[in-house]
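Quick look at my_file31.txt (compact mmCIF, N, CA and C atoms):
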# COMPACT_ATOMS: atom_id res chain seq x y z
N MET U 217 28.35 -58.97 131.17
CA MET U 217 27.54 -58.80 129.98
C MET U 217 27.48 -57.31 129.65
N SER U 218 27.71 -56.99 128.39
CA SER U 218 27.72 -55.60 127.94
C SER U 218 26.33 -55.16 127.52
N ARG U 219 26.14 -53.84 127.46
CA ARG U 219 24.91 -53.23 126.94
C ARG U 219 25.29 -52.38 125.75
N PHE U 220 24.52 -52.51 124.66
CA PHE U 220 24.82 -51.80 123.43
C PHE U 220 23.63 -50.96 122.99
N VAL U 221 23.89 -49.70 122.66
CA VAL U 221 22.84 -48.79 122.18
C VAL U 221 23.39 -47.96 121.03
N GLY U 222 22.51 -47.41 120.23
CA GLY U 222 22.89 -46.54 119.12
C GLY U 222 22.92 -47.29 117.80
N ASN U 223 23.11 -46.54 116.71
CA ASN U 223 23.21 -47.18 115.40
C ASN U 223 24.25 -46.46 114.56
N TYR U 224 24.88 -47.23 113.69
CA TYR U 224 26.01 -46.76 112.89
C TYR U 224 25.94 -47.41 111.52
N MET U 225 26.33 -46.68 110.49
CA MET U 225 26.41 -47.25 109.15
C MET U 225 27.85 -47.67 108.90
N HIS U 226 28.03 -48.92 108.49
CA HIS U 226 29.36 -49.44 108.16
C HIS U 226 29.29 -50.16 106.82
N THR U 227 30.44 -50.56 106.31
CA THR U 227 30.54 -51.20 105.01
C THR U 227 31.27 -52.53 105.12
N LEU U 228 30.78 -53.53 104.41
CA LEU U 228 31.49 -54.80 104.30
C LEU U 228 32.67 -54.60 103.36
N ASP U 229 33.82 -55.20 103.70
CA ASP U 229 34.96 -55.09 102.79
C ASP U 229 34.94 -56.27 101.81
N ALA U 230 35.92 -56.31 100.92
CA ALA U 230 35.97 -57.34 99.88
C ALA U 230 36.11 -58.75 100.43
N LYS U 231 36.58 -58.89 101.66
CA LYS U 231 36.76 -60.21 102.29
C LYS U 231 35.58 -60.57 103.20
N SER U 232 34.46 -59.88 103.05
CA SER U 232 33.26 -60.09 103.86
C SER U 232 33.50 -59.82 105.33
N ARG U 233 34.38 -58.85 105.61
CA ARG U 233 34.63 -58.46 107.00
C ARG U 233 33.81 -57.20 107.30
N LEU U 234 33.35 -57.16 108.51
CA LEU U 234 32.59 -56.02 109.00
C LEU U 234 33.33 -55.47 110.21
N ILE U 235 33.33 -54.16 110.34
CA ILE U 235 34.01 -53.55 111.48
C ILE U 235 32.98 -53.13 112.52
N LEU U 236 33.28 -53.45 113.76
CA LEU U 236 32.42 -53.03 114.87
C LEU U 236 32.70 -51.57 115.20
N PRO U 237 31.68 -50.79 115.52
CA PRO U 237 31.93 -49.44 116.00
C PRO U 237 32.82 -49.49 117.25
N ALA U 238 33.67 -48.50 117.40
CA ALA U 238 34.62 -48.46 118.53
C ALA U 238 33.92 -48.64 119.87
N LYS U 239 32.73 -48.06 120.02
CA LYS U 239 32.01 -48.15 121.30
C LYS U 239 31.56 -49.57 121.64
N PHE U 240 31.50 -50.45 120.64
CA PHE U 240 31.03 -51.82 120.87
C PHE U 240 32.18 -52.81 121.06
N ARG U 241 33.38 -52.44 120.69
CA ARG U 241 34.49 -53.40 120.61
C ARG U 241 34.88 -54.02 121.94
N SER U 242 34.82 -53.25 123.02
CA SER U 242 35.29 -53.79 124.30
C SER U 242 34.47 -55.00 124.74
N GLY U 243 33.24 -55.11 124.29
CA GLY U 243 32.41 -56.25 124.64
C GLY U 243 32.79 -57.53 123.92
N PHE U 244 33.67 -57.42 122.92
CA PHE U 244 33.99 -58.58 122.09
C PHE U 244 35.49 -58.84 121.97
N GLN U 245 36.25 -58.46 123.00
CA GLN U 245 37.69 -58.71 122.97
C GLN U 245 38.00 -60.20 122.90
N LEU U 246 37.11 -61.01 123.42
CA LEU U 246 37.29 -62.47 123.39
C LEU U 246 36.50 -63.10 122.24
N GLY U 247 36.00 -62.29 121.33
CA GLY U 247 35.19 -62.79 120.23
C GLY U 247 33.73 -62.81 120.61
N GLY U 248 32.94 -63.49 119.80
CA GLY U 248 31.52 -63.54 120.06
C GLY U 248 30.85 -64.61 119.22
N TYR U 249 29.53 -64.64 119.29
CA TYR U 249 28.71 -65.61 118.58
C TYR U 249 27.79 -64.85 117.64
N LEU U 250 27.92 -65.12 116.35
CA LEU U 250 27.13 -64.44 115.32
C LEU U 250 26.06 -65.39 114.83
N SER U 251 24.81 -64.95 114.88
CA SER U 251 23.70 -65.83 114.53
C SER U 251 22.59 -65.04 113.85
N PRO U 252 21.67 -65.75 113.17
CA PRO U 252 20.49 -65.08 112.64
C PRO U 252 19.67 -64.54 113.80
N ASP U 253 19.09 -63.38 113.60
CA ASP U 253 18.19 -62.84 114.61
C ASP U 253 16.77 -63.23 114.23
N ALA U 254 15.82 -62.92 115.09
CA ALA U 254 14.43 -63.31 114.86
C ALA U 254 13.90 -62.78 113.53
N MET U 255 14.32 -61.61 113.15
CA MET U 255 13.88 -61.04 111.88
C MET U 255 14.97 -61.30 110.85
N THR U 256 15.03 -60.50 109.83
CA THR U 256 16.04 -60.69 108.78
C THR U 256 17.28 -59.88 109.09
N SER U 257 17.87 -60.16 110.23
CA SER U 257 19.09 -59.49 110.64
C SER U 257 19.99 -60.53 111.29
N LEU U 258 21.18 -60.08 111.69
CA LEU U 258 22.11 -60.93 112.42
C LEU U 258 22.34 -60.33 113.79
N ALA U 259 22.73 -61.15 114.73
CA ALA U 259 23.03 -60.67 116.08
C ALA U 259 24.38 -61.21 116.52
N LEU U 260 25.18 -60.34 117.10
CA LEU U 260 26.47 -60.72 117.69
C LEU U 260 26.33 -60.59 119.19
N ARG U 261 26.61 -61.71 119.88
CA ARG U 261 26.49 -61.74 121.34
C ARG U 261 27.82 -62.14 121.96
N ASP U 262 28.08 -61.59 123.14
CA ASP U 262 29.24 -62.08 123.90
C ASP U 262 28.85 -63.42 124.53
N GLU U 263 29.78 -64.07 125.19
CA GLU U 263 29.52 -65.41 125.70
C GLU U 263 28.38 -65.44 126.71
N ALA U 264 28.32 -64.47 127.62
CA ALA U 264 27.27 -64.46 128.63
C ALA U 264 25.89 -64.28 127.98
N SER U 265 25.78 -63.38 127.02
CA SER U 265 24.50 -63.16 126.33
C SER U 265 24.11 -64.36 125.49
N PHE U 266 25.10 -65.00 124.88
CA PHE U 266 24.84 -66.19 124.08
C PHE U 266 24.32 -67.32 124.98
N ASP U 267 24.91 -67.49 126.14
CA ASP U 267 24.46 -68.52 127.08
C ASP U 267 23.01 -68.27 127.50
N LEU U 268 22.65 -67.01 127.73
CA LEU U 268 21.26 -66.67 128.08
C LEU U 268 20.31 -67.01 126.94
N LYS U 269 20.71 -66.70 125.70
CA LYS U 269 19.87 -67.00 124.53
C LYS U 269 19.69 -68.50 124.38
N CYS U 270 20.76 -69.27 124.56
CA CYS U 270 20.66 -70.73 124.47
C CYS U 270 19.72 -71.29 125.53
N ALA U 271 19.82 -70.77 126.75
CA ALA U 271 18.93 -71.22 127.82
C ALA U 271 17.48 -70.89 127.51
N GLU U 272 17.25 -69.70 126.95
CA GLU U 272 15.89 -69.30 126.55
C GLU U 272 15.33 -70.25 125.50
N LEU U 273 16.14 -70.61 124.51
CA LEU U 273 15.70 -71.52 123.46
C LEU U 273 15.45 -72.92 124.02
N GLU U 274 16.26 -73.36 124.95
CA GLU U 274 16.06 -74.68 125.57
C GLU U 274 14.75 -74.72 126.35
N ARG U 275 14.46 -73.65 127.10
CA ARG U 275 13.18 -73.59 127.83
C ARG U 275 12.01 -73.63 126.87
N ALA U 276 12.11 -72.87 125.78
CA ALA U 276 11.03 -72.86 124.80
C ALA U 276 10.86 -74.24 124.17
N SER U 277 11.95 -74.91 123.88
CA SER U 277 11.88 -76.27 123.30
C SER U 277 11.18 -77.23 124.24
N ASP U 278 11.44 -77.08 125.53
CA ASP U 278 10.84 -77.97 126.53
C ASP U 278 9.34 -77.74 126.67
N THR U 279 8.90 -76.50 126.49
CA THR U 279 7.49 -76.18 126.74
C THR U 279 6.64 -76.00 125.49
N HIS U 280 7.26 -75.73 124.34
CA HIS U 280 6.47 -75.41 123.14
C HIS U 280 6.60 -76.42 122.01
N GLY U 281 7.24 -77.53 122.25
CA GLY U 281 7.22 -78.63 121.30
C GLY U 281 8.13 -78.51 120.09
N SER U 282 7.72 -79.23 119.04
CA SER U 282 8.59 -79.44 117.89
C SER U 282 8.92 -78.16 117.12
N GLU U 283 8.02 -77.23 117.02
CA GLU U 283 8.32 -75.98 116.30
C GLU U 283 9.42 -75.20 117.00
N ALA U 284 9.36 -75.14 118.30
CA ALA U 284 10.40 -74.45 119.07
C ALA U 284 11.73 -75.21 118.97
N ARG U 285 11.67 -76.54 118.95
CA ARG U 285 12.90 -77.32 118.80
C ARG U 285 13.54 -77.07 117.44
N ARG U 286 12.73 -76.98 116.38
CA ARG U 286 13.26 -76.68 115.05
C ARG U 286 13.89 -75.30 115.01
N ALA U 287 13.26 -74.32 115.66
CA ALA U 287 13.82 -72.98 115.71
C ALA U 287 15.15 -72.98 116.46
N SER U 288 15.22 -73.72 117.54
CA SER U 288 16.45 -73.83 118.31
C SER U 288 17.54 -74.52 117.49
N GLN U 289 17.17 -75.56 116.79
CA GLN U 289 18.14 -76.27 115.96
C GLN U 289 18.67 -75.36 114.85
N PHE U 290 17.79 -74.60 114.21
CA PHE U 290 18.21 -73.65 113.17
C PHE U 290 19.17 -72.62 113.75
N PHE U 291 18.81 -72.08 114.90
CA PHE U 291 19.67 -71.07 115.55
C PHE U 291 21.07 -71.63 115.80
N HIS U 292 21.14 -72.80 116.40
CA HIS U 292 22.44 -73.38 116.73
C HIS U 292 23.23 -73.76 115.47
N ALA U 293 22.55 -74.29 114.47
CA ALA U 293 23.23 -74.69 113.24
C ALA U 293 23.77 -73.50 112.47
N MET U 294 23.11 -72.36 112.57
CA MET U 294 23.50 -71.17 111.81
C MET U 294 24.38 -70.22 112.61
N THR U 295 24.70 -70.54 113.84
CA THR U 295 25.54 -69.67 114.67
C THR U 295 27.02 -70.00 114.44
N PHE U 296 27.82 -68.95 114.36
CA PHE U 296 29.26 -69.09 114.17
C PHE U 296 29.99 -68.33 115.27
N GLN U 297 31.02 -68.95 115.79
CA GLN U 297 31.90 -68.25 116.74
C GLN U 297 32.86 -67.42 115.90
N VAL U 298 32.95 -66.13 116.20
CA VAL U 298 33.81 -65.23 115.42
C VAL U 298 34.87 -64.62 116.31
N GLU U 299 36.00 -64.31 115.68
CA GLU U 299 37.08 -63.60 116.35
C GLU U 299 37.09 -62.18 115.82
N VAL U 300 37.27 -61.23 116.72
CA VAL U 300 37.35 -59.82 116.35
C VAL U 300 38.82 -59.42 116.40
N ASP U 301 39.35 -58.91 115.28
CA ASP U 301 40.77 -58.55 115.25
C ASP U 301 41.02 -57.21 115.94
N ARG U 302 42.27 -56.78 115.97
CA ARG U 302 42.64 -55.54 116.67
C ARG U 302 41.97 -54.31 116.10
N GLN U 303 41.57 -54.38 114.84
CA GLN U 303 40.91 -53.23 114.21
C GLN U 303 39.39 -53.32 114.34
N GLY U 304 38.91 -54.30 115.09
CA GLY U 304 37.48 -54.44 115.33
C GLY U 304 36.74 -55.15 114.22
N ARG U 305 37.45 -55.87 113.35
CA ARG U 305 36.81 -56.54 112.21
C ARG U 305 36.59 -58.02 112.50
N PHE U 306 35.55 -58.56 111.87
CA PHE U 306 35.30 -60.00 111.91
C PHE U 306 34.67 -60.41 110.58
N VAL U 307 34.86 -61.67 110.22
CA VAL U 307 34.34 -62.20 108.96
C VAL U 307 32.90 -62.66 109.18
N VAL U 308 32.03 -62.28 108.24
CA VAL U 308 30.64 -62.72 108.26
C VAL U 308 30.51 -63.87 107.25
N PRO U 309 30.16 -65.08 107.71
CA PRO U 309 30.02 -66.21 106.79
C PRO U 309 28.98 -65.94 105.70
N LYS U 310 29.21 -66.52 104.53
CA LYS U 310 28.37 -66.26 103.36
C LYS U 310 26.89 -66.54 103.61
N ASN U 311 26.58 -67.67 104.27
CA ASN U 311 25.16 -68.00 104.48
C ASN U 311 24.47 -66.97 105.40
N LEU U 312 25.22 -66.36 106.31
CA LEU U 312 24.61 -65.32 107.16
C LEU U 312 24.45 -64.01 106.38
N LEU U 313 25.40 -63.72 105.49
CA LEU U 313 25.24 -62.55 104.62
C LEU U 313 23.95 -62.68 103.81
N GLU U 314 23.72 -63.87 103.28
CA GLU U 314 22.52 -64.11 102.48
C GLU U 314 21.26 -64.03 103.34
N HIS U 315 21.30 -64.59 104.54
CA HIS U 315 20.13 -64.56 105.43
C HIS U 315 19.67 -63.13 105.69
N ALA U 316 20.63 -62.24 105.93
CA ALA U 316 20.29 -60.86 106.27
C ALA U 316 20.31 -59.92 105.06
N ASN U 317 20.56 -60.49 103.88
CA ASN U 317 20.61 -59.69 102.65
C ASN U 317 21.62 -58.54 102.78
N LEU U 318 22.81 -58.86 103.29
CA LEU U 318 23.86 -57.85 103.46
C LEU U 318 24.78 -57.89 102.25
N THR U 319 25.01 -56.72 101.65
CA THR U 319 25.88 -56.64 100.49
C THR U 319 26.99 -55.62 100.73
N ASP U 320 26.70 -54.36 100.64
CA ASP U 320 27.71 -53.32 100.83
C ASP U 320 27.57 -52.64 102.19
N GLU U 321 26.57 -51.78 102.28
CA GLU U 321 26.36 -51.04 103.52
C GLU U 321 25.58 -51.89 104.52
N VAL U 322 25.94 -51.72 105.79
CA VAL U 322 25.31 -52.47 106.87
C VAL U 322 24.98 -51.50 107.99
N MET U 323 23.74 -51.54 108.46
CA MET U 323 23.33 -50.76 109.61
C MET U 323 23.66 -51.59 110.85
N VAL U 324 24.54 -51.06 111.70
CA VAL U 324 24.95 -51.73 112.93
C VAL U 324 24.17 -51.08 114.07
N VAL U 325 23.40 -51.89 114.79
CA VAL U 325 22.46 -51.36 115.78
C VAL U 325 22.68 -52.03 117.14
N GLY U 326 22.87 -51.21 118.16
CA GLY U 326 22.93 -51.74 119.52
C GLY U 326 21.55 -52.17 119.95
N TYR U 327 21.47 -53.35 120.52
CA TYR U 327 20.18 -53.91 120.92
C TYR U 327 20.30 -54.53 122.30
N GLY U 328 20.59 -53.69 123.27
CA GLY U 328 20.72 -54.18 124.65
C GLY U 328 21.93 -55.05 124.83
N ASN U 329 21.74 -56.37 124.95
CA ASN U 329 22.86 -57.26 125.18
C ASN U 329 23.41 -57.89 123.91
N ALA U 330 23.03 -57.34 122.75
CA ALA U 330 23.54 -57.82 121.46
C ALA U 330 23.76 -56.64 120.53
N VAL U 331 24.55 -56.89 119.50
CA VAL U 331 24.72 -55.93 118.41
C VAL U 331 24.08 -56.58 117.19
N THR U 332 23.18 -55.87 116.52
CA THR U 332 22.51 -56.44 115.36
C THR U 332 23.01 -55.77 114.09
N PHE U 333 22.91 -56.52 112.98
CA PHE U 333 23.39 -56.06 111.68
C PHE U 333 22.26 -56.21 110.67
N TRP U 334 21.95 -55.10 110.01
CA TRP U 334 20.79 -55.01 109.13
C TRP U 334 21.15 -54.50 107.75
N ASN U 335 20.42 -54.98 106.75
CA ASN U 335 20.39 -54.30 105.47
C ASN U 335 19.70 -52.96 105.76
N PRO U 336 20.28 -51.82 105.36
CA PRO U 336 19.70 -50.52 105.73
C PRO U 336 18.24 -50.35 105.30
N ALA U 337 17.87 -50.85 104.12
CA ALA U 337 16.49 -50.71 103.66
C ALA U 337 15.54 -51.54 104.53
N THR U 338 15.97 -52.73 104.91
CA THR U 338 15.15 -53.57 105.78
C THR U 338 14.98 -52.93 107.15
N PHE U 339 16.07 -52.39 107.67
CA PHE U 339 16.00 -51.71 108.97
C PHE U 339 15.01 -50.55 108.91
N ALA U 340 15.07 -49.76 107.85
CA ALA U 340 14.16 -48.61 107.72
C ALA U 340 12.71 -49.07 107.63
N ALA U 341 12.46 -50.12 106.89
CA ALA U 341 11.09 -50.59 106.69
C ALA U 341 10.52 -51.30 107.92
N GLU U 342 11.32 -52.14 108.56
CA GLU U 342 10.80 -52.98 109.64
C GLU U 342 10.94 -52.37 111.03
N ILE U 343 11.92 -51.53 111.22
CA ILE U 343 12.19 -51.04 112.57
C ILE U 343 12.05 -49.52 112.67
N GLN U 344 12.84 -48.81 111.90
CA GLN U 344 12.94 -47.36 112.06
C GLN U 344 11.63 -46.64 111.76
N ALA U 345 11.05 -46.84 110.59
CA ALA U 345 9.83 -46.12 110.21
C ALA U 345 8.66 -46.42 111.14
N PRO U 346 8.35 -47.71 111.43
CA PRO U 346 7.25 -47.98 112.36
C PRO U 346 7.48 -47.40 113.76
N ALA U 347 8.73 -47.45 114.23
CA ALA U 347 9.02 -46.91 115.56
C ALA U 347 8.81 -45.40 115.58
N GLU U 348 9.24 -44.71 114.53
CA GLU U 348 9.06 -43.26 114.47
C GLU U 348 7.57 -42.90 114.42
N GLN U 349 6.79 -43.69 113.68
CA GLN U 349 5.35 -43.44 113.61
C GLN U 349 4.69 -43.64 114.97
N THR U 350 5.08 -44.70 115.68
CA THR U 350 4.52 -44.95 117.01
C THR U 350 4.88 -43.83 117.96
N MET U 351 6.14 -43.39 117.93
CA MET U 351 6.58 -42.31 118.82
C MET U 351 5.81 -41.03 118.49
N ALA U 352 5.59 -40.75 117.23
CA ALA U 352 4.86 -39.55 116.83
C ALA U 352 3.42 -39.59 117.37
N LYS U 353 2.78 -40.74 117.29
CA LYS U 353 1.41 -40.89 117.81
C LYS U 353 1.36 -40.65 119.32
N ASP U 354 2.36 -41.19 120.01
CA ASP U 354 2.40 -41.06 121.46
C ASP U 354 2.62 -39.62 121.89
N LEU U 355 3.31 -38.83 121.06
CA LEU U 355 3.59 -37.45 121.41
C LEU U 355 2.48 -36.49 121.06
N LEU U 356 1.56 -36.89 120.19
CA LEU U 356 0.47 -36.00 119.76
C LEU U 356 -0.68 -35.97 120.69

For this file, produce the structure as structure tokens.
Amino acid sequence: MSRFVGNYMHTLDAKSRLILPAKFRSGFQLGGYLSPDAMTSLALRDEASFDLKCAELERASDTHGSEARRASQFFHAMTFQVEVDRQGRFVVPKNLLEHANLTDEVMVVGYGNAVTFWNPATFAAEIQAPAEQTMAKDLL
């Protein structure tokens, strides 16, 4: 299982392909699983990380009832297995582009055992700005 950190700005091409940063590519030589993330982003996981996520959702379904089962069903229904080409590109399905509101520019963010893809404005509003404010408070 790979670990991913850092963030990069990339662009979707006319064929809805996104390129992985070079530092992330080795984790996806065999492809990966692209799915909606908990927020309005997408997550790309390698097979080992995807298996862990599936197990986590199954445990939640067993202990938290119908709402957790619906969330698990949505996750599985909206997940696509993707192939990464030699140039590090993969196609993002239209329904996932819409879920994450991805159009031109995409913020690619390492998130431990996954790579996440964000609309840059959403990333700034939901993740970056609040995190910077929290860090500033902690340092004062």

| request: Pull the neighbourhood of (16.5, -50.3, 108.9) for me: all residues within 10 Å in file coordinates, counting only C-alpha atoms, as a ChimeraX atom specification. | output: /U:223,257,322-325,333-345

Counting all atoms listed in the file, what are the residues of region 242-262 of chain U within 8 Å of region 295-314 of chain U, and for each of them which pair of atoms is the nearest and at what distance in Å, to one decimal? Sort the table by chain and rising number, as a tab-separated table.
residue	atom	partner	partner_atom	distance
U:Phe244	C	U:Val300	CA	6.0
U:Gln245	C	U:Val300	N	6.3
U:Leu246	C	U:Val300	N	5.9
U:Gly247	CA	U:Val298	C	4.3
U:Gly248	C	U:Val298	N	4.0
U:Tyr249	CA	U:Phe296	C	4.5
U:Leu250	N	U:Phe296	C	4.0
U:Ser251	CA	U:Thr295	CA	4.3
U:Pro252	N	U:Thr295	N	5.7
U:Ser257	C	U:Leu312	C	7.5
U:Leu258	CA	U:Leu312	C	7.2

With N, CA and C atoms retained, export the selected residues as a PDB file, in the frame of the given file.
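After the write, part31.pdb holds the following:
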ATOM      1  N   PHE U 244      33.670 -57.420 122.920  1.00  0.00           N
ATOM      2  CA  PHE U 244      33.990 -58.580 122.090  1.00  0.00           C
ATOM      3  C   PHE U 244      35.490 -58.840 121.970  1.00  0.00           C
ATOM      4  N   GLN U 245      36.250 -58.460 123.000  1.00  0.00           N
ATOM      5  CA  GLN U 245      37.690 -58.710 122.970  1.00  0.00           C
ATOM      6  C   GLN U 245      38.000 -60.200 122.900  1.00  0.00           C
ATOM      7  N   LEU U 246      37.110 -61.010 123.420  1.00  0.00           N
ATOM      8  CA  LEU U 246      37.290 -62.470 123.390  1.00  0.00           C
ATOM      9  C   LEU U 246      36.500 -63.100 122.240  1.00  0.00           C
ATOM     10  N   GLY U 247      36.000 -62.290 121.330  1.00  0.00           N
ATOM     11  CA  GLY U 247      35.190 -62.790 120.230  1.00  0.00           C
ATOM     12  C   GLY U 247      33.730 -62.810 120.610  1.00  0.00           C
ATOM     13  N   GLY U 248      32.940 -63.490 119.800  1.00  0.00           N
ATOM     14  CA  GLY U 248      31.520 -63.540 120.060  1.00  0.00           C
ATOM     15  C   GLY U 248      30.850 -64.610 119.220  1.00  0.00           C
ATOM     16  N   TYR U 249      29.530 -64.640 119.290  1.00  0.00           N
ATOM     17  CA  TYR U 249      28.710 -65.610 118.580  1.00  0.00           C
ATOM     18  C   TYR U 249      27.790 -64.850 117.640  1.00  0.00           C
ATOM     19  N   LEU U 250      27.920 -65.120 116.350  1.00  0.00           N
ATOM     20  CA  LEU U 250      27.130 -64.440 115.320  1.00  0.00           C
ATOM     21  C   LEU U 250      26.060 -65.390 114.830  1.00  0.00           C
ATOM     22  N   SER U 251      24.810 -64.950 114.880  1.00  0.00           N
ATOM     23  CA  SER U 251      23.700 -65.830 114.530  1.00  0.00           C
ATOM     24  C   SER U 251      22.590 -65.040 113.850  1.00  0.00           C
ATOM     25  N   PRO U 252      21.670 -65.750 113.170  1.00  0.00           N
ATOM     26  CA  PRO U 252      20.490 -65.080 112.640  1.00  0.00           C
ATOM     27  C   PRO U 252      19.670 -64.540 113.800  1.00  0.00           C
ATOM     28  N   SER U 257      17.870 -60.160 110.230  1.00  0.00           N
ATOM     29  CA  SER U 257      19.090 -59.490 110.640  1.00  0.00           C
ATOM     30  C   SER U 257      19.990 -60.530 111.290  1.00  0.00           C
ATOM     31  N   LEU U 258      21.180 -60.080 111.690  1.00  0.00           N
ATOM     32  CA  LEU U 258      22.110 -60.930 112.420  1.00  0.00           C
ATOM     33  C   LEU U 258      22.340 -60.330 113.790  1.00  0.00           C
TER      34      LEU U 258
END

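Residues of protein, DNA and RNA with at least one atom no farther than 8 Å from (16.6, -74.4, 123.9) are, using all atoms listed in the file, Lys269, Cys270, Ala271, Glu272, Leu273, Glu274, Arg275, Ala276, Ser277, Asp278, Ala284, Arg285, Ala287, Ser288 and Gln289 of chain U.
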
| task | Within region 229-299 of chain U, find each residue whose DSSP state, derived from the backbone, is strand (DSSP E or B), and express the selection as a VMD selection string. | result | chain U and resid 233 to 235 248 to 252 258 to 261 296 to 298

| remark: Pairwise distance, CA of Tyr224 (chain U) with atom C of His315 (chain U), equals 19.0 Å

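The space between CA of Arg261 (chain U) and CA of Tyr327 (chain U) spans 10.1 Å.
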
| query | In region 228-291 of chain U, what's helix (DSSP H, G or I) per DSSP? Answer as a ChimeraX atom specification? | reply | /U:238-244,263-280,282-291

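What separates atom N of Asp229 (chain U) from CA of Asp267 (chain U) is a distance of 28.5 Å.
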
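When only N, CA and C atoms are used to compute distances to Asn317 (chain U), the closest of the residues U:Ser282, U:Thr227, U:Ala293, U:Thr256 turns out to be U:Thr256.
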
| task | Would you mind telling me which residue in U:Ser242, U:Ser265, U:Ser232, U:Thr332 lies nearest to Asp320 (chain U) when using only C-alpha atoms? | result | U:Ser232
